[in-house]
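Raw model_8.json, JSON, C-alpha atoms:
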```
[["chain", "number", "residue", "atom", "x", "y", "z"],
["A", 1, "MET", "CA", 0.00, 0.00, 0.00],
["A", 2, "THR", "CA", 1.30, 3.47, -0.91],
["A", 3, "GLU", "CA", 1.87, 6.02, 1.84],
["A", 4, "THR", "CA", -0.13, 9.23, 1.63],
["A", 5, "LEU", "CA", 1.49, 12.65, 1.66],
["A", 6, "VAL", "CA", -0.56, 15.44, 3.26],
["A", 7, "VAL", "CA", -0.14, 18.93, 1.78],
["A", 8, "HIS", "CA", -1.57, 21.90, 3.66],
["A", 9, "SER", "CA", -0.86, 24.57, 1.02],
["A", 10, "ARG", "CA", -3.33, 24.99, -1.84],
["A", 11, "LYS", "CA", -0.63, 26.63, -3.97],
["A", 12, "LEU", "CA", 1.75, 23.73, -3.42],
["A", 13, "ALA", "CA", -1.04, 21.29, -4.31],
["A", 14, "ILE", "CA", -1.64, 23.18, -7.56],
["A", 15, "TYR", "CA", 2.10, 23.17, -8.28],
["A", 16, "LEU", "CA", 2.34, 19.41, -7.77],
["A", 17, "GLN", "CA", -0.64, 18.81, -10.06],
["A", 18, "CYS", "CA", 0.93, 21.03, -12.72],
["A", 19, "ARG", "CA", 4.04, 18.86, -12.42],
["A", 20, "GLY", "CA", 1.94, 15.77, -13.14],
["A", 21, "PHE", "CA", 1.31, 14.37, -9.67],
["A", 22, "LEU", "CA", -2.18, 12.99, -9.11],
["A", 23, "LEU", "CA", -4.30, 14.49, -6.34],
["A", 24, "VAL", "CA", -5.84, 11.47, -4.63],
["A", 25, "GLY", "CA", -8.11, 13.30, -2.22],
["A", 26, "VAL", "CA", -9.15, 16.44, -0.37],
["A", 27, "GLU", "CA", -10.11, 16.25, 3.29],
["A", 28, "PRO", "CA", -11.03, 18.76, 5.99],
["A", 29, "ASP", "CA", -8.04, 19.93, 8.03],
["A", 30, "LEU", "CA", -8.51, 18.55, 11.53],
["A", 31, "LYS", "CA", -6.60, 21.55, 12.97],
["A", 32, "SER", "CA", -8.77, 24.20, 11.30],
["A", 33, "ASP", "CA", -12.51, 24.51, 10.73],
["A", 34, "ASN", "CA", -12.35, 26.22, 7.34],
["A", 35, "ARG", "CA", -9.26, 24.73, 5.68],
["A", 36, "LYS", "CA", -8.63, 21.61, 3.62],
["A", 37, "VAL", "CA", -5.65, 19.31, 3.18],
["A", 38, "PHE", "CA", -4.64, 17.79, -0.13],
["A", 39, "LEU", "CA", -3.58, 14.16, -0.40],
["A", 40, "PHE", "CA", -1.00, 12.74, -2.80],
["A", 41, "ASN", "CA", 0.77, 9.41, -3.08],
["A", 42, "ASP", "CA", 4.15, 9.77, -1.40],
["A", 43, "SER", "CA", 7.26, 9.13, -3.48],
["A", 44, "GLU", "CA", 10.81, 10.37, -3.92],
["A", 45, "PRO", "CA", 9.90, 12.36, -7.09],
["A", 46, "ILE", "CA", 7.10, 14.24, -5.35],
["A", 47, "ARG", "CA", 9.40, 15.06, -2.43],
["A", 48, "LYS", "CA", 11.95, 16.48, -4.89],
["A", 49, "ALA", "CA", 9.23, 18.54, -6.58],
["A", 50, "MET", "CA", 8.23, 19.93, -3.20],
["A", 51, "LEU", "CA", 11.80, 21.08, -2.62],
["A", 52, "GLN", "CA", 11.82, 22.79, -6.03],
["A", 53, "TYR", "CA", 8.53, 24.60, -5.32],
["A", 54, "LYS", "CA", 10.00, 27.55, -3.41],
["A", 55, "LYS", "CA", 12.71, 28.05, -6.02],
["A", 56, "ASP", "CA", 10.34, 28.06, -9.01],
["A", 57, "ALA", "CA", 10.12, 31.80, -9.70],
["A", 58, "LYS", "CA", 8.26, 31.25, -12.98],
["A", 59, "PHE", "CA", 5.42, 29.43, -11.22],
["A", 60, "HIS", "CA", 5.15, 32.08, -8.48],
["A", 61, "ALA", "CA", 5.11, 34.85, -11.10],
["A", 62, "PHE", "CA", 2.29, 33.00, -12.87],
["A", 63, "LEU", "CA", 0.30, 32.77, -9.62],
["A", 64, "ALA", "CA", 0.81, 36.49, -9.02],
["A", 65, "GLN", "CA", -0.51, 37.27, -12.50],
["A", 66, "MET", "CA", -3.54, 35.06, -11.90],
["A", 67, "ALA", "CA", -4.24, 36.83, -8.61],
["A", 68, "GLU", "CA", -4.15, 40.18, -10.41],
["A", 69, "GLY", "CA", -6.62, 38.89, -12.99],
["A", 70, "ARG", "CA", -4.31, 39.03, -15.99]]
```
Would you kindly transcribe this structure into C-alpha cells?
Amino acid sequence: MTETLVVHSRKLAIYLQCRGFLLVGVEPDLKSDNRKVFLFNDSEPIRKAMLQYKKDAKFHAFLAQMAEGR
C-alpha cells in the first residue's frame, strides 16, 4: 500500500498537479474549521518537486498574474 502525503498549502497542491502528480483526495483539516488538506501518493519524485517549489520563480510569477486577474 502506498503512503499518503498530506499537503496543507493549496498553492503547493496546484504546483504538484501542474508537475503531473495525481491528487488522490481532499479532506477537511482537523486543525482548522475552514481549511482543507490535499492528499498525494508519497514518493521520492514528489518530495523532490516539493523542494523545487519555493525556487520556481516562474510558477510564483504565474500565480501572481492570476491573482491580479491578468
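Taking atom CA of A:Ala57 and atom CA of A:Phe21 as the two end points, the separation is 19.5 Å.
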Taking all atoms of stretch 31-49 of chain A that the file lists and extending 6 Å past them on each side, where is the centre of the axis-aligned box and how long are its edges? Answer in Å to one decimal, as JSON.
```
{"center_x": -0.3, "center_y": 17.7, "center_z": 2.9, "size_x": 36.5, "size_y": 29.1, "size_z": 32.1}
```
*Contacts of stretch 46-54 of chain A at 10 Å or less, counting all atoms listed in the file, minus same-chain residues fewer than 3 places along, as a list in words?*
Leu5, Val7, Lys11, Leu12, Ala13, Tyr15, Leu16, Arg19, Gly20, Phe21, Phe40, Asn41, Asp42, Ser43, Ala57, Phe59 and His60 of chain A
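Minimum atom-to-atom distances from A:Ala61, A:Leu30, A:Leu23, A:Val37 to A:Arg10 were compared using all atoms listed in the file, and the lowest value belongs to A:Val37.
Atom pair atom CA of A:Asp56 / atom CA of A:Thr4 has a distance of 24.0 Å (rounded to one decimal).
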*Given only C-alpha atoms as the counted atoms, nearest of A:His8, A:Leu39, A:Asn34, A:Phe62 to A:Leu22*: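 Of all the options, A:Leu39 lies closest to A:Leu22.
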*Ref. answer, residues at most 9 Å from (-9.8, 16.0, -0.7) with all atoms listed in the file, as a list of chain:residue names*: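 The residues near that point, listed by chain and number, are A:Leu23, A:Val24, A:Gly25, A:Val26, A:Glu27, A:Pro28, A:Lys36, A:Val37, A:Phe38, A:Leu39.
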Limited to C-alpha atoms, could you put the picked residues into a file as a compact mmCIF listing (two decimals), in the coordinates of the input?
```
# COMPACT_ATOMS: atom_id res chain seq x y z
CA LEU A 23 -4.30 14.49 -6.34
CA VAL A 24 -5.84 11.47 -4.63
CA GLY A 25 -8.11 13.30 -2.22
CA VAL A 26 -9.15 16.44 -0.37
CA GLU A 27 -10.11 16.25 3.29
CA PRO A 28 -11.03 18.76 5.99
CA LYS A 36 -8.63 21.61 3.62
CA VAL A 37 -5.65 19.31 3.18
CA PHE A 38 -4.64 17.79 -0.13
CA LEU A 39 -3.58 14.16 -0.40
```
_atom CA of A:Leu63 to atom CA of A:Cys18, distance in Å rounded to a single decimal_ = 12.2 Å
